[in-house]
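Novice: Sharing input05.cif below, mmCIF, C-alpha atoms:
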```cif
data_start
#
loop_
_atom_site.label_atom_id
_atom_site.label_comp_id
_atom_site.auth_asym_id
_atom_site.auth_seq_id
_atom_site.Cartn_x
_atom_site.Cartn_y
_atom_site.Cartn_z
CA MET H 1 17.77 13.24 13.33
CA PRO H 2 20.46 12.80 15.98
CA SER H 3 22.92 10.00 15.49
CA GLY H 4 22.68 6.97 17.72
CA ARG H 5 19.99 4.48 18.51
CA ILE H 6 16.26 4.70 18.78
CA PHE H 7 14.43 2.22 20.96
CA LEU H 8 10.94 0.91 20.29
CA LEU H 9 8.30 0.95 23.01
CA LEU H 10 4.63 0.10 22.58
CA GLY H 11 2.86 1.85 19.73
CA LEU H 12 0.05 3.57 17.94
CA VAL H 13 -3.53 3.45 17.60
CA CYS H 14 -4.87 4.27 14.26
CA CYS H 15 -6.25 3.67 11.24
CA SER H 16 -7.59 1.66 8.34
CA SER H 17 -6.74 -1.61 6.69
CA ALA H 18 -5.38 -2.92 3.45
CA GLN H 19 -8.40 -4.55 1.87
CA PRO H 20 -9.08 -7.24 -0.74
CA ALA H 21 -9.95 -6.35 -4.31
CA SER H 22 -13.68 -7.06 -3.92
CA ALA H 23 -15.71 -3.92 -3.39
CA GLN H 24 -19.17 -2.40 -3.22
CA GLN H 25 -21.10 -5.45 -2.18
CA VAL H 26 -22.96 -6.95 0.76
CA SER H 27 -22.00 -10.32 2.23
CA THR H 28 -23.06 -12.41 5.21
CA LEU H 29 -20.45 -12.86 7.94
CA VAL H 30 -22.55 -14.89 10.44
CA ASN H 31 -25.60 -16.87 9.34
CA SER H 32 -27.17 -17.43 12.74
CA ILE H 33 -26.53 -15.81 16.11
CA ASP H 34 -28.81 -14.82 18.98
CA ALA H 35 -27.67 -11.21 19.05
CA SER H 36 -30.40 -8.73 18.21
CA GLY H 37 -28.99 -5.66 19.99
CA ASP H 38 -26.31 -3.20 18.89
CA VAL H 39 -22.97 -3.81 17.16
CA SER H 40 -19.59 -2.22 18.01
CA LEU H 41 -16.16 -2.67 16.45
CA GLY H 42 -13.63 -3.26 19.20
CA PRO H 43 -10.08 -1.92 19.45
CA ASP H 44 -8.89 -5.47 18.73
CA GLY H 45 -10.62 -5.50 15.33
CA ASN H 46 -13.38 -7.89 16.43
CA LEU H 47 -17.09 -7.16 16.41
CA TYR H 48 -19.09 -7.14 19.65
CA VAL H 49 -22.79 -7.88 19.26
CA ALA H 50 -25.30 -7.64 22.10
CA ASP H 51 -28.26 -10.00 22.52
CA PHE H 52 -31.24 -7.77 23.27
CA GLY H 53 -33.62 -10.74 23.26
CA ASP H 54 -36.10 -12.78 21.27
CA ARG H 55 -38.74 -10.13 20.58
CA LEU H 56 -39.33 -6.47 21.22
CA ASN H 57 -41.62 -7.33 24.14
CA ASN H 58 -39.25 -10.01 25.44
CA ALA H 59 -35.83 -8.50 26.12
CA ASN H 60 -34.54 -11.71 27.63
CA GLY H 61 -30.97 -11.62 26.27
CA ASN H 62 -28.05 -11.66 28.70
CA THR H 63 -24.96 -11.99 26.51
CA VAL H 64 -22.54 -9.99 24.39
CA TYR H 65 -20.81 -12.03 21.69
CA ARG H 66 -17.42 -11.55 20.07
CA VAL H 67 -17.27 -12.11 16.31
CA THR H 68 -13.84 -12.37 14.66
CA PRO H 69 -13.11 -11.11 11.13
CA ASP H 70 -13.58 -14.65 9.79
CA GLY H 71 -17.01 -15.01 11.45
CA THR H 72 -16.04 -17.11 14.47
CA VAL H 73 -18.47 -16.48 17.34
CA SER H 74 -17.67 -16.74 21.05
CA VAL H 75 -19.16 -15.44 24.29
CA PHE H 76 -17.54 -12.21 25.45
CA ALA H 77 -19.67 -11.39 28.51
CA THR H 78 -22.79 -12.64 30.28
CA GLY H 79 -24.94 -11.57 33.21
CA LEU H 80 -26.58 -8.69 31.35
CA ALA H 81 -30.27 -7.79 31.18
CA GLY H 82 -31.55 -7.05 27.70
CA PRO H 83 -28.27 -5.57 26.40
CA SER H 84 -28.90 -3.18 23.56
CA GLY H 85 -26.78 -0.12 22.63
CA ASN H 86 -23.04 -0.23 23.25
CA GLU H 87 -19.85 1.70 22.55
CA PHE H 88 -16.18 1.36 23.48
CA ASP H 89 -14.51 3.96 25.68
CA ALA H 90 -10.94 5.21 25.29
CA GLN H 91 -9.65 2.53 27.69
CA GLY H 92 -11.06 -0.35 25.62
CA ASN H 93 -14.05 -1.04 27.89
CA LEU H 94 -17.44 -1.72 26.31
CA ILE H 95 -20.14 0.56 27.74
CA GLN H 96 -23.35 -1.48 27.57
CA ALA H 97 -26.95 -0.32 28.07
CA ASN H 98 -29.43 -2.86 29.49
CA ILE H 99 -33.01 -2.07 28.53
CA GLN H 100 -34.52 -4.76 30.72
CA GLY H 101 -32.31 -4.02 33.73
CA ASN H 102 -32.60 -0.21 33.48
CA ARG H 103 -28.87 0.08 34.02
CA VAL H 104 -25.61 0.77 32.21
CA ASP H 105 -22.63 -1.58 32.62
CA ARG H 106 -18.94 -1.44 31.89
CA ILE H 107 -17.40 -4.59 30.41
CA ASP H 108 -13.61 -4.72 30.57
CA PRO H 109 -11.49 -6.32 27.82
CA SER H 110 -11.57 -9.64 29.70
CA GLY H 111 -15.38 -9.70 29.76
CA ASN H 112 -15.85 -8.76 33.41
CA VAL H 113 -19.08 -6.82 34.00
CA THR H 114 -19.51 -4.01 36.53
CA THR H 115 -22.46 -1.66 36.89
CA LEU H 116 -21.80 2.02 36.19
CA ALA H 117 -25.29 3.32 36.98
CA SER H 118 -28.58 1.66 37.88
CA SER H 119 -30.97 4.55 38.54
CA GLY H 120 -32.38 7.42 36.52
CA PHE H 121 -33.06 5.38 33.37
CA SER H 122 -36.23 4.29 31.58
CA SER H 123 -35.61 1.45 29.11
CA PRO H 124 -32.10 2.65 28.14
CA VAL H 125 -31.00 1.71 24.64
CA GLY H 126 -28.39 3.86 22.87
CA VAL H 127 -25.13 5.07 24.42
CA ALA H 128 -22.57 7.64 23.28
CA LEU H 129 -19.38 9.04 24.82
CA ASP H 130 -18.09 12.57 24.30
CA ALA H 131 -14.44 13.61 24.09
CA ASP H 132 -14.21 13.91 27.87
CA GLY H 133 -15.60 10.42 28.42
CA THR H 134 -19.04 11.55 29.61
CA ILE H 135 -21.59 8.82 28.89
CA PHE H 136 -24.95 9.79 27.38
CA VAL H 137 -27.85 7.34 27.35
CA ALA H 138 -31.00 7.30 25.19
CA ASN H 139 -34.09 6.34 27.21
CA CYS H 140 -36.76 4.80 24.99
CA GLY H 141 -39.19 4.50 27.89
CA ASN H 142 -39.64 8.21 28.66
CA ASN H 143 -38.32 9.95 25.52
CA SER H 144 -35.24 11.44 27.11
CA ILE H 145 -31.46 11.57 26.96
CA SER H 146 -29.57 11.33 30.23
CA ARG H 147 -25.92 11.47 31.16
CA ILE H 148 -24.21 9.47 33.85
CA GLN H 149 -23.11 11.51 36.87
CA ASN H 150 -22.11 10.13 40.26
CA GLY H 151 -23.38 6.64 39.45
CA ALA H 152 -26.81 7.67 38.20
CA GLY H 153 -28.53 8.80 35.04
CA VAL H 154 -29.26 12.56 35.17
CA ASN H 155 -31.71 14.06 32.68
CA PHE H 156 -30.09 16.07 29.88
CA VAL H 157 -33.03 16.63 27.48
CA SER H 158 -36.51 15.15 27.17
CA GLY H 159 -39.75 15.37 25.24
CA SER H 160 -40.56 16.17 21.63
CA PRO H 161 -39.09 15.52 19.08
CA LEU H 162 -37.73 12.39 20.80
CA SER H 163 -39.92 9.31 20.32
CA CYS H 164 -38.35 6.20 21.81
CA PRO H 165 -34.79 7.36 21.04
CA ASN H 166 -32.99 4.18 20.10
CA GLY H 167 -29.57 4.79 18.59
CA LEU H 168 -27.30 7.54 19.92
CA THR H 169 -24.02 8.95 18.67
CA ILE H 170 -21.95 12.12 18.94
CA ASP H 171 -19.89 14.15 16.45
CA THR H 172 -16.54 15.85 16.98
CA ALA H 173 -18.26 19.15 17.87
CA GLY H 174 -20.12 17.50 20.75
CA ASN H 175 -23.54 17.37 19.09
CA LEU H 176 -25.62 14.32 19.94
CA TYR H 177 -27.79 12.54 17.36
CA ALA H 178 -30.66 10.29 18.40
CA ALA H 179 -32.38 7.91 15.99
CA ASN H 180 -36.05 7.44 16.95
CA PHE H 181 -37.46 3.94 17.01
CA ASN H 182 -41.12 5.02 16.88
CA ASN H 183 -40.66 7.13 13.75
CA GLY H 184 -37.97 7.90 11.20
CA ALA H 185 -36.69 11.11 12.78
CA VAL H 186 -33.01 11.68 13.47
CA VAL H 187 -32.81 14.33 16.19
CA LYS H 188 -29.84 16.67 16.61
CA ILE H 189 -29.09 17.80 20.16
CA THR H 190 -26.54 20.58 20.66
CA PRO H 191 -24.19 20.68 23.68
CA GLY H 192 -26.53 23.31 25.12
CA GLY H 193 -29.54 20.99 24.84
CA GLN H 194 -31.32 22.49 21.83
CA MET H 195 -33.17 19.83 19.81
CA SER H 196 -34.16 19.80 16.16
CA ILE H 197 -35.01 17.17 13.54
CA LEU H 198 -32.05 16.81 11.16
CA ALA H 199 -33.74 14.34 8.77
CA ARG H 200 -36.33 11.58 8.53
CA THR H 201 -35.78 8.13 7.09
CA PRO H 202 -38.70 6.85 4.95
CA THR H 203 -41.82 4.98 6.03
CA SER H 204 -42.98 1.64 4.63
CA SER H 205 -45.85 -0.84 4.76
CA PHE H 206 -43.77 -2.77 7.29
CA ARG H 207 -43.75 0.25 9.61
CA ALA H 208 -46.21 2.91 8.52
CA SER H 209 -44.81 5.52 10.92
CA GLY H 210 -41.21 4.73 10.00
CA GLY H 211 -38.59 3.65 12.47
CA ASN H 212 -34.84 3.46 13.03
CA GLY H 213 -32.39 1.13 14.65
CA HIS H 214 -28.99 2.47 15.71
CA ILE H 215 -26.84 5.32 14.42
CA THR H 216 -23.11 6.07 14.40
CA PHE H 217 -20.74 8.87 13.40
CA ASN H 218 -17.72 8.23 11.20
CA ASN H 219 -15.38 10.58 9.30
CA GLY H 220 -17.74 13.53 9.19
CA SER H 221 -21.01 11.73 8.40
CA LEU H 222 -23.77 9.90 10.23
CA PHE H 223 -24.83 6.36 9.36
CA VAL H 224 -28.30 5.25 10.37
CA VAL H 225 -30.21 1.98 10.14
CA SER H 226 -33.84 2.08 9.01
CA ASN H 227 -35.75 -0.99 10.17
CA ALA H 228 -38.84 0.41 8.44
CA THR H 229 -37.38 0.22 4.94
CA ALA H 230 -34.65 -2.35 5.70
CA GLN H 231 -31.97 -0.01 4.39
CA ILE H 232 -28.75 1.64 5.56
CA PHE H 233 -28.39 5.40 5.06
CA GLU H 234 -25.57 7.92 5.12
CA LEU H 235 -26.68 11.25 6.58
CA THR H 236 -24.56 14.38 6.20
CA LEU H 237 -24.43 16.87 9.06
CA ASP H 238 -26.48 19.29 6.97
CA GLY H 239 -29.30 16.77 6.59
CA GLU H 240 -28.72 15.09 3.21
CA LEU H 241 -29.89 11.47 3.32
CA THR H 242 -28.52 8.84 0.88
CA VAL H 243 -29.17 5.09 0.67
CA ILE H 244 -25.95 3.09 0.99
CA ALA H 245 -27.32 -0.45 0.93
CA GLY H 246 -30.63 -2.27 0.63
CA ASP H 247 -33.27 -2.27 -2.09
CA GLY H 248 -36.12 -1.64 0.36
CA THR H 249 -37.47 -5.20 0.38
CA ARG H 250 -37.15 -7.57 3.30
CA GLY H 251 -34.77 -10.47 2.84
CA HIS H 252 -31.15 -11.56 3.09
CA ASN H 253 -29.82 -11.20 -0.44
CA ASP H 254 -26.09 -10.66 -0.75
CA GLY H 255 -24.63 -8.85 -3.74
CA ALA H 256 -24.42 -5.32 -5.09
CA LEU H 257 -25.13 -2.62 -2.50
CA LEU H 258 -28.46 -1.38 -3.84
CA GLU H 259 -29.58 -4.86 -4.93
CA SER H 260 -29.07 -6.42 -1.50
CA SER H 261 -31.80 -6.86 1.08
CA PHE H 262 -32.08 -6.84 4.87
CA SER H 263 -34.70 -7.85 7.44
CA SER H 264 -35.29 -5.37 10.26
CA PRO H 265 -31.61 -4.37 10.60
CA ASN H 266 -30.70 -2.84 13.95
CA GLY H 267 -27.07 -2.40 15.08
CA ILE H 268 -24.35 -0.66 13.10
CA ALA H 269 -20.59 -0.16 13.28
CA LEU H 270 -18.01 1.06 10.77
CA SER H 271 -14.36 0.30 10.20
CA PRO H 272 -12.17 3.31 11.02
CA ASP H 273 -11.68 4.18 7.34
CA GLY H 274 -15.43 4.03 6.66
CA ARG H 275 -15.15 1.35 4.00
CA PHE H 276 -16.81 -1.52 5.87
CA ILE H 277 -20.18 -1.27 7.60
CA TYR H 278 -21.37 -4.03 9.92
CA VAL H 279 -25.04 -4.56 10.74
CA ASN H 280 -27.11 -7.27 12.37
CA GLU H 281 -30.65 -8.17 11.38
CA ALA H 282 -33.47 -10.57 12.17
CA GLU H 283 -33.43 -13.91 10.40
CA SER H 284 -37.22 -13.88 10.30
CA THR H 285 -38.87 -12.24 7.31
CA ALA H 286 -42.42 -13.23 8.24
CA GLY H 287 -45.21 -10.64 8.33
CA THR H 288 -45.62 -7.20 6.83
CA THR H 289 -46.37 -5.30 10.03
CA LEU H 290 -44.18 -5.06 13.10
CA VAL H 291 -46.22 -6.87 15.75
CA PHE H 292 -44.38 -6.72 19.06
CA SER H 293 -45.54 -10.11 20.32
CA GLN H 294 -45.04 -12.00 17.05
CA PHE H 295 -42.00 -10.73 15.18
CA ASP H 296 -38.91 -12.80 16.03
CA LEU H 297 -35.65 -10.90 16.40
CA ASN H 298 -33.57 -13.99 17.16
CA PRO H 299 -31.83 -15.70 15.56
CA SER H 300 -29.99 -12.90 13.81
CA LEU H 301 -27.47 -12.53 11.02
CA VAL H 302 -24.38 -10.33 10.86
CA ARG H 303 -23.84 -8.66 7.48
CA VAL H 304 -20.87 -6.79 6.01
CA ILE H 305 -21.32 -3.87 3.61
CA ASP H 306 -18.16 -3.21 1.59
CA ARG H 307 -18.38 0.30 0.17
CA GLY H 308 -15.18 -0.15 -1.81
CA ALA H 309 -11.98 1.84 -2.04
CA GLY H 310 -12.03 5.60 -2.35
CA GLN H 311 -13.93 6.36 0.83
CA PRO H 312 -12.86 9.41 2.83
CA ALA H 313 -9.32 9.17 4.15
CA PHE H 314 -9.22 7.07 7.26
CA ALA H 315 -8.92 8.92 10.52
CA ILE H 316 -6.47 8.34 13.34
CA ASN H 317 -8.37 6.36 15.96
CA ALA H 318 -7.58 5.24 19.46
CA GLY H 319 -7.85 1.71 20.69
CA LEU H 320 -5.13 -0.24 18.84
CA SER H 321 -1.54 -0.59 20.01
CA GLY H 322 1.66 -1.48 18.22
CA ALA H 323 5.07 -0.08 17.28
CA TRP H 324 6.25 1.63 14.09
CA PHE H 325 9.79 1.40 12.72
CA ASN H 326 12.02 1.93 9.71
CA PRO H 327 13.04 -1.51 8.39
CA GLU H 328 16.03 -0.05 6.52
CA THR H 329 17.67 1.21 9.70
CA ALA H 330 18.07 -1.44 12.39
CA GLY H 331 16.41 -0.51 15.64
CA GLN H 332 14.83 2.71 14.43
CA GLY H 333 11.25 3.43 15.39
CA LEU H 334 8.74 5.43 17.35
CA LEU H 335 6.02 4.96 19.91
CA PHE H 336 2.67 6.60 19.17
CA ASP H 337 -0.38 7.02 21.33
CA VAL H 338 -3.64 8.88 20.76
CA ILE H 339 -5.48 10.91 23.40
CA THR H 340 -9.03 11.01 22.09
CA SER H 341 -10.36 13.36 24.76
CA ASP H 342 -8.58 16.30 23.12
CA ARG H 343 -7.70 14.77 19.71
CA THR H 344 -3.99 14.80 20.44
CA LEU H 345 -1.31 12.39 19.21
CA PHE H 346 1.72 11.66 21.39
CA ALA H 347 5.03 10.32 20.05
CA ALA H 348 8.08 9.04 21.93
CA TRP H 349 11.37 8.98 20.04
CA PHE H 350 14.14 7.64 22.25
CA THR H 351 17.76 8.22 21.31
CA PHE H 352 21.15 9.13 22.73
CA GLU H 353 24.30 10.68 21.31
CA ALA H 354 26.75 8.82 23.51
CA PRO H 355 29.09 6.19 22.02
CA ALA H 356 27.89 2.64 21.61
CA GLU H 357 29.35 1.51 24.93
CA ALA H 358 27.40 4.14 26.90
CA LYS H 359 25.18 2.92 29.68
CA LEU H 360 21.60 3.92 30.42
CA GLY H 361 21.47 7.13 32.44
CA VAL H 362 24.80 8.73 31.50
CA PRO H 363 24.77 12.56 31.12
CA GLU H 364 24.59 12.34 27.30
CA HIS H 365 21.34 10.43 27.46
CA ARG H 366 18.50 12.26 25.67
CA TRP H 367 15.06 11.39 24.52
CA LEU H 368 12.58 13.19 22.36
CA THR H 369 8.85 13.39 22.73
CA ALA H 370 6.30 15.09 20.52
CA GLN H 371 2.65 15.92 20.73
CA GLY H 372 0.03 17.87 18.83
CA PRO H 373 -3.45 17.81 17.31
CA TYR H 374 -4.53 15.31 14.67
CA VAL H 375 -7.04 15.73 11.85
CA ASP H 376 -8.12 12.84 9.61
CA ASN H 377 -4.93 10.83 8.97
CA SER H 378 -2.22 13.32 9.95
CA ALA H 379 -0.88 15.11 13.02
CA ALA H 380 1.13 18.31 13.48
CA LEU H 381 3.54 17.84 16.37
CA ASP H 382 5.83 19.96 18.55
CA ILE H 383 9.04 18.16 19.52
CA PHE H 384 10.52 18.40 23.02
CA THR H 385 13.96 17.27 24.20
CA THR H 386 14.37 15.77 27.64
CA ALA H 387 17.96 15.47 28.86
CA GLY H 388 19.70 14.04 31.88
CA GLY H 389 18.28 11.67 34.40
CA ALA H 390 19.23 8.15 35.33
CA PHE H 391 17.18 5.04 35.75
CA ASP H 392 15.56 4.80 39.21
CA ARG H 393 17.55 7.79 40.54
CA PRO H 394 16.38 11.34 41.37
CA ASP H 395 18.84 12.95 38.96
CA ALA H 396 17.83 16.27 37.42
CA VAL H 397 15.87 16.14 34.18
CA THR H 398 15.33 19.11 31.86
CA THR H 399 12.75 19.47 29.07
CA SER H 400 12.79 22.09 26.33
CA PRO H 401 11.10 22.73 22.95
CA SER H 402 13.35 21.56 20.15
CA GLY H 403 11.51 21.34 16.84
CA SER H 404 8.44 20.26 14.92
CA ALA H 405 7.17 17.25 12.99
CA THR H 406 4.34 16.03 10.78
CA LEU H 407 3.07 12.47 10.94
CA SER H 408 0.93 11.12 8.09
CA PHE H 409 -0.54 7.63 7.67
CA SER H 410 -1.24 6.30 4.18
CA SER H 411 -2.51 2.89 5.27
CA CYS H 412 -2.66 0.64 8.30
CA THR H 413 0.96 -0.36 7.72
CA GLU H 414 2.65 2.74 6.32
CA ALA H 415 3.37 6.21 7.68
CA ILE H 416 5.71 9.14 7.00
CA PHE H 417 7.37 11.03 9.86
CA GLU H 418 8.84 14.39 8.75
CA TYR H 419 10.83 16.25 11.40
CA ALA H 420 12.96 19.37 11.82
CA LEU H 421 14.97 19.96 14.97
CA ASP H 422 15.95 23.47 15.99
CA ASP H 423 19.62 22.52 16.35
CA GLY H 424 19.89 21.55 12.69
CA PRO H 425 19.02 17.93 11.88
CA SER H 426 15.90 17.31 9.80
CA GLY H 427 14.63 14.53 7.63
CA THR H 428 11.92 12.08 6.66
CA ILE H 429 11.47 8.59 8.08
CA ALA H 430 9.33 6.03 6.26
CA LEU H 431 7.69 3.93 8.96
CA GLN H 432 6.01 0.55 8.87
CA ARG H 433 3.90 -1.09 11.48
CA LEU H 434 5.90 -3.65 13.46
CA SER H 435 3.13 -6.31 13.30
CA PRO H 436 1.12 -5.42 10.19
CA ASP H 437 -0.23 -8.88 9.46
CA VAL H 438 -1.98 -9.20 12.81
CA PHE H 439 -3.22 -5.64 12.77
CA CYS H 440 -4.59 -5.67 9.24
CA ALA H 441 -6.13 -9.10 9.59
CA ASN H 442 -8.18 -7.84 12.51
CA LEU H 443 -9.51 -4.98 10.39
CA SER H 444 -9.90 -6.88 7.12
CA ARG H 445 -13.65 -7.15 7.60
#
```
Represent the structure of the file as structure tokens.
Specialist:
Amino acid sequence: MPSGRIFLLLGLVCCSSAQPASAQQVSTLVNSIDASGDVSLGPDGNLYVADFGDRLNNANGNTVYRVTPDGTVSVFATGLAGPSGNEFDAQGNLIQANIQGNRVDRIDPSGNVTTLASSGFSSPVGVALDADGTIFVANCGNNSISRIQNGAGVNFVSGSPLSCPNGLTIDTAGNLYAANFNNGAVVKITPGGQMSILARTPTSSFRASGGNGHITFNNGSLFVVSNATAQIFELTLDGELTVIAGDGTRGHNDGALLESSFSSPNGIALSPDGRFIYVNEAESTAGTTLVFSQFDLNPSLVRVIDRGAGQPAFAINAGLSGAWFNPETAGQGLLFDVITSDRTLFAAWFTFEAPAEAKLGVPEHRWLTAQGPYVDNSAALDIFTTAGGAFDRPDAVTTSPSGSATLSFSSCTEAIFEYALDDGPSGTIALQRLSPDVFCANLSR
């Protein structure tokens, strides 16, 4: 590493959290909330829960709520129309489907709502975004999946085996997965539009035909909510279905994963490392058959499923910002950013070789940048040197390849940066997150 100083600017976007000792149990985060729609984990570490409405035939909700890691509830956005499925985009906006309004909205981080598309939908529920930011929407009303183009929903696929597609998610290869509400089928849809049934969640006396809530993709697996059996399943991409939580009875029992109970669970979100699963469910446990006009969805509960340590290594994820530095060397650190559209990590490593009294923009001024693909919790980077230039002046700047690096994260607060520059210097820098307490607290649930 060149001698001199390294300046910190902004920061990364990753990862997982240091967690308490308790593990493999279900707990209740919020005892009562009118939020029967989908659940998403925001880039700020808070949960965002949509209020679909009071009953399946009365989608009268108009609000998305923010739930902090300690269970504090506040209004995030209003003015919606039966908000159901939602997902965050790479810019930190919540993309929100409105089943009653037949539209899809964008909600910015301040809670401001704008309409993305208001035609071409039929009772839209689930939403998913691919690596390029294209928005796909599951239409329960006409058994189709559409994508948003030029401010409208344009049909992508339709018909069998879709049956009121409810939840929608997408894997890293661009395959869509729709969880049917009218039966237990999970439908795989290739980028070319070929559909097949990947798996079926079980039926029950509560819903004789079976039925699913929402679905999400995390670290190589699918996670699907069965409102028929009141259970949460992990589904591998080759179709193996495993119960994660819920004993199959309807209730609200906390405790061990397979001894817990749920009541018509619906929304689902996972922490980046896959350890914590968040679901919402109906407070009501009355009745044995799902009767549209009688079964109350509100008020709801928000539950937390702690799968314990030892889950698959957390993946680098976009949406969180902060700086990383070496506390043993004053002023040493890096800026990281993640470009999810092509799974690339960017690093900025600012330095200069001039003496301490040098001013910004002198000829000796250099800075290093690096970029490359990331997989799971590590990234392989090519380093580039940019030399010359002066602040706010059109001085010549040159950029040239100058080395390679590997960046690996072991937790939400610790990372190793190994580098080798072509002109000789190489080494390993142990990095810590500049504000770990705030970051980890937001992901502690």
Novice: So that I can see what lies close to Arg250 (chain H), please list as a list in words the residues with an atom at most 12 Å from it, counting all atoms listed in the file and leaving out residues fewer than 5 positions away in the same chain.
Specialist: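 Near neighbours after the sequence-gap exclusion: Ser204, Ser205, Phe206, Ser226, Asn227, Ala228, Thr229, Ala230, Gln231, Glu259, Ser260, Ser261, Phe262, Ser263, Ser264, Pro265, Glu281, Ala282, Glu283, Ser284, Thr285, Ala286, Gly287, Thr288 and Thr289 of chain H.
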Novice: From the options H:Thr203, H:Asn46, H:Thr172, H:Ser40, which residue's atoms come nearest to Gly126 (chain H), counting only C-alpha atoms?
Specialist: H:Ser40
Novice: Find the residues near Asn175 (chain H): any atom within 10 Å, counting only C-alpha atoms, skip ones fewer than 2 places away on the same chain, and give them as a list of chain:residue names.
Specialist: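 Here the answer would be H:Asp130, H:Thr169, H:Ile170, H:Asp171, H:Thr172, H:Ala173, H:Tyr177, H:Lys188, H:Ile189, H:Thr190, H:Pro191, H:Gly192, H:Gly193, H:Gln194, H:Met195.
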Novice: Region 242-275 of chain H near region 86-99 of chain H within 12 Å: what's each residue's closest atom pair and its distance in Å to one decimal, counting all atoms listed in the file, ordered by chain then ascending residue number, as a Markdown table?
Specialist:
```
| residue | atom | partner | partner_atom | distance |
| --- | --- | --- | --- | --- |
| H:Gly267 | CA | H:Asn86 | CA | 9.4 |
| H:Ile268 | CA | H:Asn86 | CA | 10.2 |
| H:Ala269 | CA | H:Glu87 | CA | 9.5 |
| H:Leu270 | CA | H:Glu87 | CA | 11.9 |
```
Novice: I'd like the residues picked by the PyMOL selection byres ((chain H and resi 75) around 9) written out as a PDB file with C-alpha atoms, keeping the file's coordinate frame, using the chain letters and numbers from the file.
Specialist:
```
ATOM      1  CA  THR H  63     -24.960 -11.990  26.510  1.00  0.00           C
ATOM      2  CA  VAL H  64     -22.540  -9.990  24.390  1.00  0.00           C
ATOM      3  CA  TYR H  65     -20.810 -12.030  21.690  1.00  0.00           C
ATOM      4  CA  ARG H  66     -17.420 -11.550  20.070  1.00  0.00           C
ATOM      5  CA  VAL H  67     -17.270 -12.110  16.310  1.00  0.00           C
ATOM      6  CA  VAL H  73     -18.470 -16.480  17.340  1.00  0.00           C
ATOM      7  CA  SER H  74     -17.670 -16.740  21.050  1.00  0.00           C
ATOM      8  CA  PHE H  76     -17.540 -12.210  25.450  1.00  0.00           C
ATOM      9  CA  ALA H  77     -19.670 -11.390  28.510  1.00  0.00           C
ATOM     10  CA  THR H  78     -22.790 -12.640  30.280  1.00  0.00           C
ATOM     11  CA  GLY H 111     -15.380  -9.700  29.760  1.00  0.00           C
TER      12      GLY H 111
END
```
Novice: Apply the PyMOL selection byres ((chain H and resi 54) around 7) to the structure shown and report the selected residues as a list in words.
Specialist: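 So the PyMOL selection byres ((chain H and resi 54) around 7), applied here, picks out Gly53, Arg55, Asn58, Ala59, Asn60, Asp296, Leu297 and Asn298 of chain H.
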Novice: Go through the shown structure with the PyMOL selection byres ((chain H and resi 149-153) around 12) and write out the matching residues as a PyMOL selection string.
Specialist: chain H and resi 97+102-106+114-124+127+133-139+144-148+154-157
